[in-house]
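Let me begin by presenting the structure, written as structure tokens, before commenting on it.
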Amino acid sequence: MFSKEEELLLDGETVSKVSKTFKVLSDPTRLSILYLLENKEINVGTLASILAIEQSAVSHQLKLLKSARLVKSRRVGKTIAYSQTDDHVYSVLKQVILHSREKIDSHL
């Protein structure tokens, strides 16, 4: 049985995983890709076109996102389509976007 203080602490493995997820999310290109993939599948070429970056750069970022279990892939003919893995990260992402768009009270 854990004390209340022990129940409030995160175990080392969880802290490490959460930290790694935030590290992956900290890159502007990866954030943009995740935002674009919300509720739809998009292939590398289309992502590269929308973001105006090389396909190889998009592929590299997608590999990192996939290894962090933030996106998944599916073969569609000769191309690979990417989509969100689940809604968990999108909930956090939406909250952070809302937070960043809030007006800051200049008196604080």
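Ligands are numbered from 1 in the order shown, residues from 1 within each chain, and chains are lettered A, B, ... in the order they appear in the structure tokens.
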Among region 15-94 of chain A, which residues carry a DSSP assignment of helix (DSSP H, G or I), reported as a ChimeraX atom specification? /A:15-25,28-36,44-51,55-67,88-94
Env of Leu37 (chain A): 9 Å cut, atoms = only C-alpha atoms, seq-sep filter 4 positions within chain, self excluded. Answer as an NGL selection string. :A and (32-33 or 41-42 or 71 or 82-84)
Given only C-alpha atoms as the basis, pick out the residue of A:Asp27, A:Glu54, A:Glu38, A:Glu13 nearest to Tyr90 (chain A). A:Glu38
Using DSSP on the backbone coordinates, identify the residues of chain A assigned to strand (DSSP E or B); present them as a ChimeraX atom specification. /A:42-43,71-76,79-84
Spatial neighbours of Leu70 (chain A), 12 Å, only C-alpha atoms, chain gap at least 5 places, as a PDB file with N, CA and C atoms, in the first residue's frame:
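Once written, result.pdb looks like this:
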```
ATOM      1  N   LYS A  20      10.261  12.322 -22.855  1.00  0.00           N
ATOM      2  CA  LYS A  20      10.605  12.033 -24.251  1.00  0.00           C
ATOM      3  C   LYS A  20       9.486  12.486 -25.194  1.00  0.00           C
ATOM      4  N   THR A  21       8.239  12.307 -24.783  1.00  0.00           N
ATOM      5  CA  THR A  21       7.117  12.752 -25.617  1.00  0.00           C
ATOM      6  C   THR A  21       7.136  14.262 -25.772  1.00  0.00           C
ATOM      7  N   PHE A  22       7.351  14.988 -24.671  1.00  0.00           N
ATOM      8  CA  PHE A  22       7.420  16.443 -24.771  1.00  0.00           C
ATOM      9  C   PHE A  22       8.611  16.894 -25.616  1.00  0.00           C
ATOM     10  N   VAL A  24       9.833  15.289 -28.218  1.00  0.00           N
ATOM     11  CA  VAL A  24       9.409  15.099 -29.614  1.00  0.00           C
ATOM     12  C   VAL A  24       8.449  16.204 -30.025  1.00  0.00           C
ATOM     13  N   LEU A  25       7.557  16.582 -29.130  1.00  0.00           N
ATOM     14  CA  LEU A  25       6.570  17.622 -29.433  1.00  0.00           C
ATOM     15  C   LEU A  25       7.172  19.021 -29.492  1.00  0.00           C
ATOM     16  N   ARG A  30       7.486  19.125 -36.305  1.00  0.00           N
ATOM     17  CA  ARG A  30       6.702  17.983 -35.814  1.00  0.00           C
ATOM     18  C   ARG A  30       5.346  18.429 -35.277  1.00  0.00           C
ATOM     19  N   LEU A  31       5.312  19.564 -34.590  1.00  0.00           N
ATOM     20  CA  LEU A  31       4.030  20.096 -34.119  1.00  0.00           C
ATOM     21  C   LEU A  31       3.107  20.399 -35.299  1.00  0.00           C
ATOM     22  N   ILE A  33       3.162  19.029 -38.276  1.00  0.00           N
ATOM     23  CA  ILE A  33       2.731  17.759 -38.867  1.00  0.00           C
ATOM     24  C   ILE A  33       1.601  17.149 -38.046  1.00  0.00           C
ATOM     25  N   LEU A  34       1.771  17.099 -36.740  1.00  0.00           N
ATOM     26  CA  LEU A  34       0.717  16.551 -35.884  1.00  0.00           C
ATOM     27  C   LEU A  34      -0.589  17.313 -36.041  1.00  0.00           C
ATOM     28  N   TYR A  35      -0.496  18.623 -36.087  1.00  0.00           N
ATOM     29  CA  TYR A  35      -1.695  19.455 -36.241  1.00  0.00           C
ATOM     30  C   TYR A  35      -2.393  19.141 -37.563  1.00  0.00           C
ATOM     31  N   LEU A  37      -2.289  16.347 -39.218  1.00  0.00           N
ATOM     32  CA  LEU A  37      -2.781  14.968 -39.257  1.00  0.00           C
ATOM     33  C   LEU A  37      -4.008  14.727 -38.383  1.00  0.00           C
ATOM     34  N   GLU A  38      -4.459  15.741 -37.701  1.00  0.00           N
ATOM     35  CA  GLU A  38      -5.618  15.533 -36.838  1.00  0.00           C
ATOM     36  C   GLU A  38      -6.831  15.112 -37.658  1.00  0.00           C
ATOM     37  N   GLN A  61      11.045  13.528 -39.805  1.00  0.00           N
ATOM     38  CA  GLN A  61      10.190  13.948 -38.689  1.00  0.00           C
ATOM     39  C   GLN A  61       9.104  12.913 -38.406  1.00  0.00           C
ATOM     40  N   LEU A  62       8.537  12.336 -39.458  1.00  0.00           N
ATOM     41  CA  LEU A  62       7.515  11.302 -39.285  1.00  0.00           C
ATOM     42  C   LEU A  62       8.085  10.065 -38.600  1.00  0.00           C
ATOM     43  N   LYS A  63       9.325   9.735 -38.914  1.00  0.00           N
ATOM     44  CA  LYS A  63       9.977   8.592 -38.266  1.00  0.00           C
ATOM     45  C   LYS A  63      10.085   8.829 -36.762  1.00  0.00           C
ATOM     46  N   LEU A  64      10.462  10.042 -36.374  1.00  0.00           N
ATOM     47  CA  LEU A  64      10.556  10.378 -34.952  1.00  0.00           C
ATOM     48  C   LEU A  64       9.186  10.357 -34.283  1.00  0.00           C
ATOM     49  N   LEU A  65       8.179  10.897 -34.966  1.00  0.00           N
ATOM     50  CA  LEU A  65       6.819  10.890 -34.423  1.00  0.00           C
ATOM     51  C   LEU A  65       6.285   9.467 -34.281  1.00  0.00           C
ATOM     52  N   TYR A  82      -0.064   8.757 -43.452  1.00  0.00           N
ATOM     53  CA  TYR A  82       0.150   8.903 -42.018  1.00  0.00           C
ATOM     54  C   TYR A  82      -1.084   9.521 -41.375  1.00  0.00           C
ATOM     55  N   SER A  83      -1.337   9.130 -40.134  1.00  0.00           N
ATOM     56  CA  SER A  83      -2.470   9.674 -39.393  1.00  0.00           C
ATOM     57  C   SER A  83      -2.139   9.678 -37.909  1.00  0.00           C
ATOM     58  N   GLN A  84      -2.998  10.323 -37.129  1.00  0.00           N
ATOM     59  CA  GLN A  84      -2.802  10.359 -35.682  1.00  0.00           C
ATOM     60  C   GLN A  84      -2.983   8.967 -35.095  1.00  0.00           C
ATOM     61  N   THR A  85      -2.282   8.709 -34.027  1.00  0.00           N
ATOM     62  CA  THR A  85      -2.404   7.420 -33.358  1.00  0.00           C
ATOM     63  C   THR A  85      -3.673   7.377 -32.507  1.00  0.00           C
ATOM     64  N   ASP A  86      -3.893   8.434 -31.740  1.00  0.00           N
ATOM     65  CA  ASP A  86      -5.091   8.523 -30.905  1.00  0.00           C
ATOM     66  C   ASP A  86      -5.321   9.977 -30.512  1.00  0.00           C
ATOM     67  N   ASP A  87      -6.373  10.214 -29.738  1.00  0.00           N
ATOM     68  CA  ASP A  87      -6.741  11.583 -29.368  1.00  0.00           C
ATOM     69  C   ASP A  87      -6.019  12.128 -28.138  1.00  0.00           C
ATOM     70  N   HIS A  88      -5.286  11.295 -27.419  1.00  0.00           N
ATOM     71  CA  HIS A  88      -4.667  11.758 -26.167  1.00  0.00           C
ATOM     72  C   HIS A  88      -3.778  12.976 -26.373  1.00  0.00           C
ATOM     73  N   VAL A  89      -2.851  12.881 -27.274  1.00  0.00           N
ATOM     74  CA  VAL A  89      -1.901  13.971 -27.484  1.00  0.00           C
ATOM     75  C   VAL A  89      -2.603  15.187 -28.072  1.00  0.00           C
ATOM     76  N   TYR A  90      -3.632  14.950 -28.894  1.00  0.00           N
ATOM     77  CA  TYR A  90      -4.355  16.074 -29.484  1.00  0.00           C
ATOM     78  C   TYR A  90      -5.107  16.874 -28.427  1.00  0.00           C
ATOM     79  N   LEU A  93      -2.382  18.992 -26.991  1.00  0.00           N
ATOM     80  CA  LEU A  93      -1.984  19.970 -27.998  1.00  0.00           C
ATOM     81  C   LEU A  93      -3.007  21.097 -28.119  1.00  0.00           C
TER      82      LEU A  93
END
```
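Going from CA of Val58 (chain A) to CA of Lys94 (chain A) covers 22.1 Å.
Checking A:Leu51, A:Lys78, A:Lys72, A:Ser26 one by one against Val96 (chain A), counting only C-alpha atoms, you find the shortest gap at A:Ser26.
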May I ask which of the residues A:Ile97, A:Leu9, A:Ile80, A:Ile104 is the closest one to Gly45 (chain A), counting only C-alpha atoms? A:Ile80
